[in-house]
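Asks: Structure file target39.txt, compact mmCIF, C-alpha atoms and all ligand atoms, is pasted below:
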```txt
# COMPACT_ATOMS: atom_id res chain seq x y z
CA MET A 186 0.00 0.00 0.00
CA VAL A 187 1.52 3.32 -1.06
CA LYS A 188 -0.41 6.54 -0.95
CA ASN A 189 0.29 9.31 -3.44
CA HIS A 190 3.24 11.64 -2.85
CA VAL A 191 2.26 14.94 -1.23
CA GLU A 192 4.58 17.66 0.10
CA ASN A 193 3.42 20.50 2.34
CA LYS A 194 -0.25 20.62 1.35
CA ASN A 195 -2.47 22.65 3.67
CA TRP A 196 -5.91 21.06 4.02
CA ARG A 197 -7.49 24.50 3.54
CA GLU A 198 -6.34 24.42 -0.12
CA ILE A 199 -8.34 21.24 -0.78
CA ASN A 200 -11.98 21.41 -1.83
CA PRO A 201 -14.24 19.29 0.38
CA THR A 202 -16.27 16.50 -1.18
CA SER A 203 -19.41 15.35 0.50
CA TRP A 204 -19.99 11.67 1.20
CA HIS A 205 -23.32 10.43 2.37
CA SER A 206 -23.45 7.12 4.17
CA PRO A 207 -26.98 5.72 4.34
CA HIS A 208 -26.30 5.09 8.05
CA LEU A 209 -25.75 8.73 8.96
CA ASN A 210 -28.41 11.46 8.81
CA GLU A 211 -25.94 14.03 7.44
CA PRO A 212 -23.23 13.87 4.77
CA LEU A 213 -19.59 13.95 5.86
CA HIS A 214 -17.35 16.56 4.26
CA LYS A 215 -14.04 15.06 3.38
CA ARG A 216 -10.77 16.62 2.23
CA ILE A 217 -8.50 13.89 0.93
CA LEU A 218 -4.89 14.52 1.88
CA SER A 219 -3.54 11.35 0.26
CA SER A 220 -4.91 8.06 -0.99
CA ASP A 221 -3.94 4.76 -2.54
CA PRO A 222 -6.07 4.28 -5.69
CA GLU A 223 -5.61 0.51 -5.56
CA THR A 224 -6.97 -0.12 -2.08
CA GLY A 225 -8.83 3.12 -1.37
CA ALA A 226 -6.68 3.62 1.75
CA MET A 227 -6.96 7.26 2.65
CA THR A 228 -5.84 10.01 4.99
CA SER A 229 -8.40 12.81 5.15
CA ILE A 230 -9.64 15.77 7.12
CA VAL A 231 -13.30 15.13 7.88
CA ASP A 232 -15.96 17.62 8.98
CA LEU A 233 -19.15 16.48 10.64
CA PRO A 234 -22.00 18.95 11.18
CA LYS A 235 -23.13 19.24 14.79
CA THR A 236 -26.45 17.55 14.06
CA THR A 237 -24.83 14.34 12.77
CA ILE A 238 -26.12 11.13 14.33
CA SER A 239 -26.36 7.45 13.45
CA ASP A 240 -29.56 5.75 14.44
CA GLN A 241 -27.74 2.53 15.35
CA ILE A 242 -24.34 1.23 16.36
CA LEU A 243 -22.01 1.29 13.34
CA ALA A 244 -18.93 -0.63 12.28
CA ALA A 245 -16.65 -0.15 9.28
CA ASN A 246 -15.22 -2.64 6.81
CA CYS A 247 -11.73 -1.16 7.33
CA GLU A 248 -9.27 -0.23 10.03
CA LEU A 249 -10.09 3.26 11.22
CA GLN A 250 -7.96 5.78 13.13
CA ILE A 251 -9.28 9.15 14.26
CA PHE A 252 -7.53 12.13 15.85
CA VAL A 253 -9.92 14.91 16.83
CA LEU A 254 -8.86 18.45 15.85
CA GLU A 255 -11.96 20.47 16.79
CA GLY A 256 -15.42 19.91 18.24
CA GLU A 257 -16.68 16.80 19.98
CA LEU A 258 -17.32 13.37 18.49
CA HIS A 259 -19.33 10.83 20.49
CA PHE A 260 -19.27 7.05 20.20
CA ASP A 261 -22.00 6.02 22.63
CA LYS A 262 -20.85 7.47 25.98
CA ILE A 263 -17.28 8.11 24.82
CA TYR A 264 -16.80 11.80 24.18
CA MET A 265 -13.83 12.42 21.91
CA LYS A 266 -12.40 15.91 22.28
CA PRO A 267 -9.52 17.73 20.53
CA GLY A 268 -6.33 15.76 21.17
CA ASP A 269 -8.19 12.45 21.60
CA TYR A 270 -7.34 9.50 19.38
CA CYS A 271 -9.10 6.19 18.68
CA TYR A 272 -8.31 3.03 16.78
CA TYR A 273 -10.78 0.39 15.57
CA PRO A 274 -9.75 -2.75 13.64
CA GLU A 275 -11.75 -3.65 10.55
CA ASN A 276 -15.29 -4.90 11.17
CA SER A 277 -15.21 -3.67 14.79
CA ALA A 278 -18.28 -1.93 16.11
CA HIS A 279 -17.60 1.74 16.96
CA GLY A 280 -20.82 2.61 18.75
CA LYS A 281 -23.44 5.14 17.78
CA TRP A 282 -21.84 8.10 16.01
CA ARG A 283 -22.82 11.58 17.04
CA ALA A 284 -21.23 15.02 16.61
CA LYS A 285 -22.17 17.29 19.48
CA GLU A 286 -20.55 20.34 17.86
CA ASN A 287 -19.26 21.00 14.36
CA THR A 288 -16.41 18.52 14.50
CA ARG A 289 -13.21 18.15 12.51
CA PHE A 290 -10.89 15.16 12.69
CA LEU A 291 -8.04 13.44 10.92
CA LEU A 292 -9.13 10.07 9.57
CA ILE A 293 -6.83 7.27 8.42
CA THR A 294 -8.32 4.18 6.79
CA ASP A 295 -6.57 1.21 5.19
CA LYS A 296 -9.14 0.74 2.41
CA THR A 297 -12.30 2.34 1.03
CA LEU A 298 -14.56 3.14 3.97
CA GLU A 299 -18.02 1.62 4.16
CA PHE A 300 -20.17 1.69 7.28
CA PHE A 301 -22.46 -1.17 8.20
CA LYS A 302 -24.62 -2.28 11.12
CA PRO A 303 -22.72 -5.10 12.84
CA GLU A 304 -24.36 -8.17 14.34
CA ASP A 305 -21.87 -8.08 17.21
CA THR A 306 -22.35 -4.60 18.65
CA SER A 307 -19.47 -4.74 21.14
CA PRO A 308 -16.16 -3.27 19.91
CA ASP A 309 -13.28 -5.58 19.02
CA LYS A 310 -10.97 -6.22 22.00
CA ARG A 311 -8.07 -4.71 20.03
CA ALA A 312 -9.89 -1.38 19.69
CA LYS A 313 -8.51 1.63 21.53
CA ARG A 314 -11.65 3.62 22.05
CA GLN A 315 -10.17 6.78 23.56
CA VAL A 316 -6.53 7.78 23.98
CA ASP A 317 -6.16 11.21 25.58
CA SER A 318 -2.89 12.54 24.14
CA TRP A 319 -2.82 15.35 26.72
CA ALA A 320 -2.60 12.80 29.54
CA MET A 321 0.39 11.03 27.98
CA GLU A 322 4.05 11.64 28.78
CA TRP A 323 6.50 12.60 26.04
CA THR A 324 8.86 9.65 25.65
CA ASN A 325 11.99 8.53 23.83
CA PRO A 326 11.77 8.93 20.00
CA LEU A 327 13.27 5.44 19.69
CA ASP A 328 9.79 4.20 20.69
CA ALA A 329 8.71 5.09 17.12
CA SER A 330 11.89 5.14 15.03
CA ASP A 331 15.21 3.45 14.38
CA PRO A 332 17.80 6.05 13.32
CA SER A 333 21.34 5.09 12.24
CA LYS A 334 22.86 7.76 14.49
CA PRO A 335 21.80 9.27 17.82
CA TYR A 336 19.23 12.04 17.89
CA ARG A 337 20.01 15.45 19.29
CA GLN A 338 18.22 16.11 22.59
CA GLY A 339 14.85 17.82 22.28
CA LEU A 340 12.85 15.40 20.12
CA MET A 341 10.12 13.39 21.87
CA VAL A 342 7.13 11.25 20.96
CA LYS A 343 3.77 10.14 22.29
CA VAL A 344 2.88 6.77 20.76
CA LEU A 345 -0.90 6.72 20.31
CA HIS A 346 -1.01 3.29 18.73
CA LYS A 347 1.41 0.65 17.59
CA ASN A 348 0.54 -2.40 15.52
CA GLU A 349 2.62 -5.11 17.16
CA ALA A 350 2.47 -7.34 14.06
CA THR A 351 3.65 -4.77 11.49
CA GLY A 352 5.34 -2.14 13.68
CA ALA A 353 3.02 0.51 12.17
CA SER A 354 3.12 3.52 14.45
CA THR A 355 0.73 6.40 14.99
CA HIS A 356 2.33 9.00 17.19
CA LEU A 357 2.83 12.64 17.96
CA ALA A 358 6.37 13.94 17.44
CA GLY A 359 7.40 17.04 19.38
CA LEU A 360 10.40 19.29 18.72
CA MET A 361 11.76 21.75 21.25
CA PRO A 362 12.18 25.32 19.96
CA GLY A 363 15.55 25.60 18.24
CA TRP A 364 15.88 21.86 17.61
CA TYR A 365 17.69 20.83 14.45
CA ALA A 366 19.36 17.81 12.88
CA HIS A 367 22.28 17.77 10.48
CA GLY A 368 22.14 16.02 7.12
CA LEU A 369 19.42 14.56 4.92
CA GLU A 370 17.13 11.80 6.18
CA VAL A 371 16.20 8.81 4.01
CA HIS A 372 13.60 6.23 5.05
CA PRO A 373 12.96 2.72 3.70
CA ILE A 374 9.18 3.22 4.18
CA TYR A 375 6.75 6.02 3.48
CA GLU A 376 5.91 8.54 6.17
CA GLU A 377 2.92 10.77 6.79
CA ASN A 378 3.10 13.95 8.84
CA TYR A 379 0.38 16.46 9.69
CA CYS A 380 1.50 19.65 11.43
CA LEU A 381 -0.63 20.41 14.50
CA SER A 382 1.37 23.42 15.68
CA GLY A 383 4.60 25.36 15.33
CA ASP A 384 7.06 25.31 12.47
CA VAL A 385 9.38 22.75 10.99
CA ASN A 386 11.72 23.63 8.16
CA ILE A 387 12.97 21.04 5.67
CA GLY A 388 15.90 22.56 3.73
CA GLU A 389 15.65 20.37 0.61
CA VAL A 390 13.42 17.59 -0.66
CA ASP A 391 14.85 15.24 -3.28
CA GLY A 392 17.48 17.80 -4.32
CA GLY A 393 14.84 20.52 -4.87
CA ASP A 394 13.53 23.37 -2.75
CA GLY A 395 12.34 22.62 0.74
CA TYR A 396 9.71 24.44 2.80
CA THR A 397 8.46 25.26 6.28
CA MET A 398 5.48 23.24 7.53
CA THR A 399 3.02 25.11 9.72
CA GLU A 400 -0.36 24.24 11.30
CA GLY A 401 -2.62 22.36 8.87
CA CYS A 402 0.15 21.27 6.46
CA TYR A 403 0.57 17.64 5.49
CA LEU A 404 3.10 15.44 3.73
CA CYS A 405 3.02 11.85 2.52
CA ARG A 406 6.47 10.94 1.31
CA PRO A 407 7.33 7.66 -0.43
CA PRO A 408 10.43 5.71 0.63
CA GLY A 409 13.93 6.71 -0.49
CA ILE A 410 13.45 10.48 -0.88
CA PRO A 411 16.27 12.44 0.82
CA HIS A 412 14.97 15.38 2.87
CA GLY A 413 16.52 17.78 5.34
CA PRO A 414 18.20 19.27 7.19
CA ILE A 415 15.31 19.70 9.65
CA SER A 416 15.00 22.62 12.06
CA SER A 417 12.30 24.29 14.15
CA LYS A 418 12.48 27.86 15.37
CA ASN A 419 9.45 27.92 17.70
CA GLY A 420 9.00 24.21 18.35
CA ASN A 421 6.59 21.90 16.58
CA VAL A 422 4.10 19.06 17.11
CA ASN A 423 3.36 16.72 14.19
CA PHE A 424 0.84 13.89 14.03
CA CYS A 425 2.71 11.02 12.32
CA TYR A 426 1.82 7.72 10.77
CA THR A 427 4.36 5.19 9.50
CA PRO A 428 3.45 1.70 8.20
CA SER A 429 6.30 0.14 10.20
CA ILE A 430 9.07 1.37 12.49
CA LEU A 431 10.70 4.43 10.88
CA GLY A 432 14.25 3.50 9.88
CA ILE A 433 16.37 6.60 9.25
CA ASP A 434 19.63 6.81 7.31
CA TYR A 435 21.51 10.05 6.84
CA GLU A 436 23.29 11.61 3.88
CA PRO A 437 25.55 14.64 4.17
CA ILE A 438 24.56 17.92 2.51
CA GLU A 439 27.02 20.69 1.69
CA ASN A 440 25.06 23.76 2.81
CA ASP A 441 23.67 22.03 5.88
CA GLU A 442 24.41 24.77 8.42
CA GLN A 443 23.24 27.53 6.09
CA TYR A 444 19.77 25.95 5.87
CA ILE A 445 19.53 25.35 9.60
CA PHE A 446 20.75 28.71 10.82
CA SER A 447 19.00 30.81 8.20
CA HIS A 448 15.70 29.24 9.39
CA LEU A 449 16.52 29.66 13.07
CA ARG A 450 17.69 33.25 12.67
CA SER A 451 15.29 34.54 9.98
CA TYR A 452 11.95 32.80 10.66
CA PRO A 453 9.79 34.96 12.95
CA TRP A 454 9.58 34.28 16.67
CA ARG A 455 5.99 33.41 17.48
FE FE A 501 11.49 12.07 7.54
```
Please, can you express the file's structure as structure tokens?

Replies:
Amino acid sequence: MVKNHVENKNWREINPTSWHSPHLNEPLHKRILSSDPETGAMTSIVDLPKTTISDQILAANCELQIFVLEGELHFDKIYMKPGDYCYYPENSAHGKWRAKENTRFLLITDKTLEFFKPEDTSPDKRAKRQVDSWAMEWTNPLDASDPSKPYRQGLMVKVLHKNEATGASTHLAGLMPGWYAHGLEVHPIYEENYCLSGDVNIGEVDGGDGYTMTEGCYLCRPPGIPHGPISSKNGNVNFCYTPSILGIDYEPIENDEQYIFSHLRSYPWR
């Protein structure tokens, strides 16, 4: 499964498409950040109007991961608020869907999403129905990655979900203000990043111009594309998904320090 290559796309630049499941009273509004045309696997920003409700307990035919950005999404008596994450394996019941407010969330599915009314209305035991990211501690980045050289201090993660069979990891990655890393990174797998806050500068991507990610920007980068050096002036939190543990190799780059220090010195303090 490989989703299409996207670099630094802000969801606000994407036109929403509406999708009406017969099991919901209102259409969803979906902005597709990246997708795999073969399987229908998709990462999207989804908006639900505050009057959305399902009349019965729903399940989906696919694995489903949600990270709430705004509003409040209810599954039965579970009230998902901004910063909450959930994971449901395929064919697991979710509960009755309801949006209490206009609600926006990140949605990751591993194939084309279809809702249905399950016979077994209790969620799969592997489901994580509510993970409050605010209650979690920042931990060692090696919990979600496998770099070929040590990290500089100031990079931390919160692992929201890990698939023990594949090593797939859904996590938040946090950078301290002023953090940077020398060289270009190269990964053997694709990576997805959605910027929740702050700034993160990538000097070059695949030998071409880089950019600064800010809130609402997304990338889905196939394996083998050199990118870096990476720096953050004001600090940064990214929501990340990788289909297995993120191996990282490094390549040198000639104007390494120029990229890093021009971002740190010239980008505005915020
Ligand atoms: Fe990377």

Asks: Would you name the residues within 7 Å of ligand FE 501 (chain A), counting only C-alpha atoms and all ligand atoms, and put them as a list in words?

Replies: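 Those residues are Glu370, Val371, His372, Glu376 and His412 of chain A.
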
Asks: How would the residues just picked look written out with C-alpha atoms as a JSON list (two decimals), keeping the file's coordinate frame?

Replies:
```
[["chain", "number", "residue", "atom", "x", "y", "z"],
["A", 370, "GLU", "CA", 17.13, 11.80, 6.18],
["A", 371, "VAL", "CA", 16.20, 8.81, 4.01],
["A", 372, "HIS", "CA", 13.60, 6.23, 5.05],
["A", 376, "GLU", "CA", 5.91, 8.54, 6.17],
["A", 412, "HIS", "CA", 14.97, 15.38, 2.87]]
```

Asks: Using only C-alpha atoms, find the one residue out of A:Cys380, A:Leu298, A:Gly395, A:Pro373 that sits nearest to Leu357 of chain A.

Replies: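 Closest to Leu357 of chain A, using only C-alpha atoms: A:Cys380.
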
Asks: Nearest residue to Ser220 of chain A out of A:Thr297, A:Asn287, A:Thr397, A:Asn386, using all atoms listed in the file?

Replies: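 Answer, going by the shortest atom-to-atom distance: A:Thr297.
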
Asks: Between A:Tyr336, A:Trp196, A:Trp204, A:Tyr365, which residue has the minimum interatomic distance to Ile230 of chain A, considering all atoms listed in the file?

Replies: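 Selected residue with least distance to Ile230 of chain A: A:Trp196.
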
Asks: Select, from A:Asp269, A:Glu322, A:Glu286, A:Glu198, the residue with the minimum atom-to-atom distance to Asp232 of chain A, counting only C-alpha atoms.

Replies: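 When distances to Asp232 of chain A are compared using only C-alpha atoms, the smallest one comes from A:Glu286.
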
Asks: Provide the atom CA of Lys343 of chain A to atom CA of Thr324 of chain A distance in Å, to one decimal place.

Replies: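 One can read the atom CA of Lys343 of chain A to atom CA of Thr324 of chain A distance as 6.1 Å.
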
Asks: Restricting the calculation to only C-alpha atoms: of A:Asn325, A:Gln315, A:Thr236, A:Thr306, which residue gets closest to Ala284 of chain A?

Replies: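 Nearest to Ala284 of chain A: A:Thr236.
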
Asks: Identify which of the residues A:Asp441, A:Lys313, A:Gly268, A:Pro453 lies closest to Val422 of chain A, counting all atoms listed in the file when measuring atom-to-atom distances.

Replies: A:Gly268

Asks: Which neighbours of Leu292 of chain A fall inside 6 Å, counting all atoms listed in the file, when residues of the same chain fewer than 4 positions from it are skipped, and could you give them as a PDB file with C-alpha atoms, in the frame of the given file?

Replies:
```
ATOM      1  CA  THR A 228      -5.840  10.010   4.990  1.00  0.00           C
ATOM      2  CA  SER A 229      -8.400  12.810   5.150  1.00  0.00           C
ATOM      3  CA  GLN A 250      -7.960   5.780  13.130  1.00  0.00           C
ATOM      4  CA  ILE A 251      -9.280   9.150  14.260  1.00  0.00           C
TER       5      ILE A 251
END
```

Asks: Please, what distance in Å, to one decimal, runs between atom CA of Arg406 of chain A and atom CA of Phe252 of chain A?

Replies: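 Atom CA of Phe252 of chain A lies 20.2 Å from atom CA of Arg406 of chain A.
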
Asks: I want to know what sits within 12 Å of Arg450 of chain A, based on only C-alpha atoms, with residues of the same chain fewer than 6 positions away left out; could you give that as a ChimeraX atom specification?

Replies: /A:363,416-419,442-444

Asks: Which residues, written as an MDAnalysis selection string, have at least one atom at most 9 Å from Thr237 of chain A, with all atoms listed in the file counted and residues fewer than 5 positions away on the same chain left out?

Replies: chainID A and resid 209:213 282:287

Asks: Figure out the distance between atom CA of Ile217 of chain A and atom CA of Gly352 of chain A, please, to one decimal in Å.

Replies: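 Computing it gives 24.7 Å between the two atoms.
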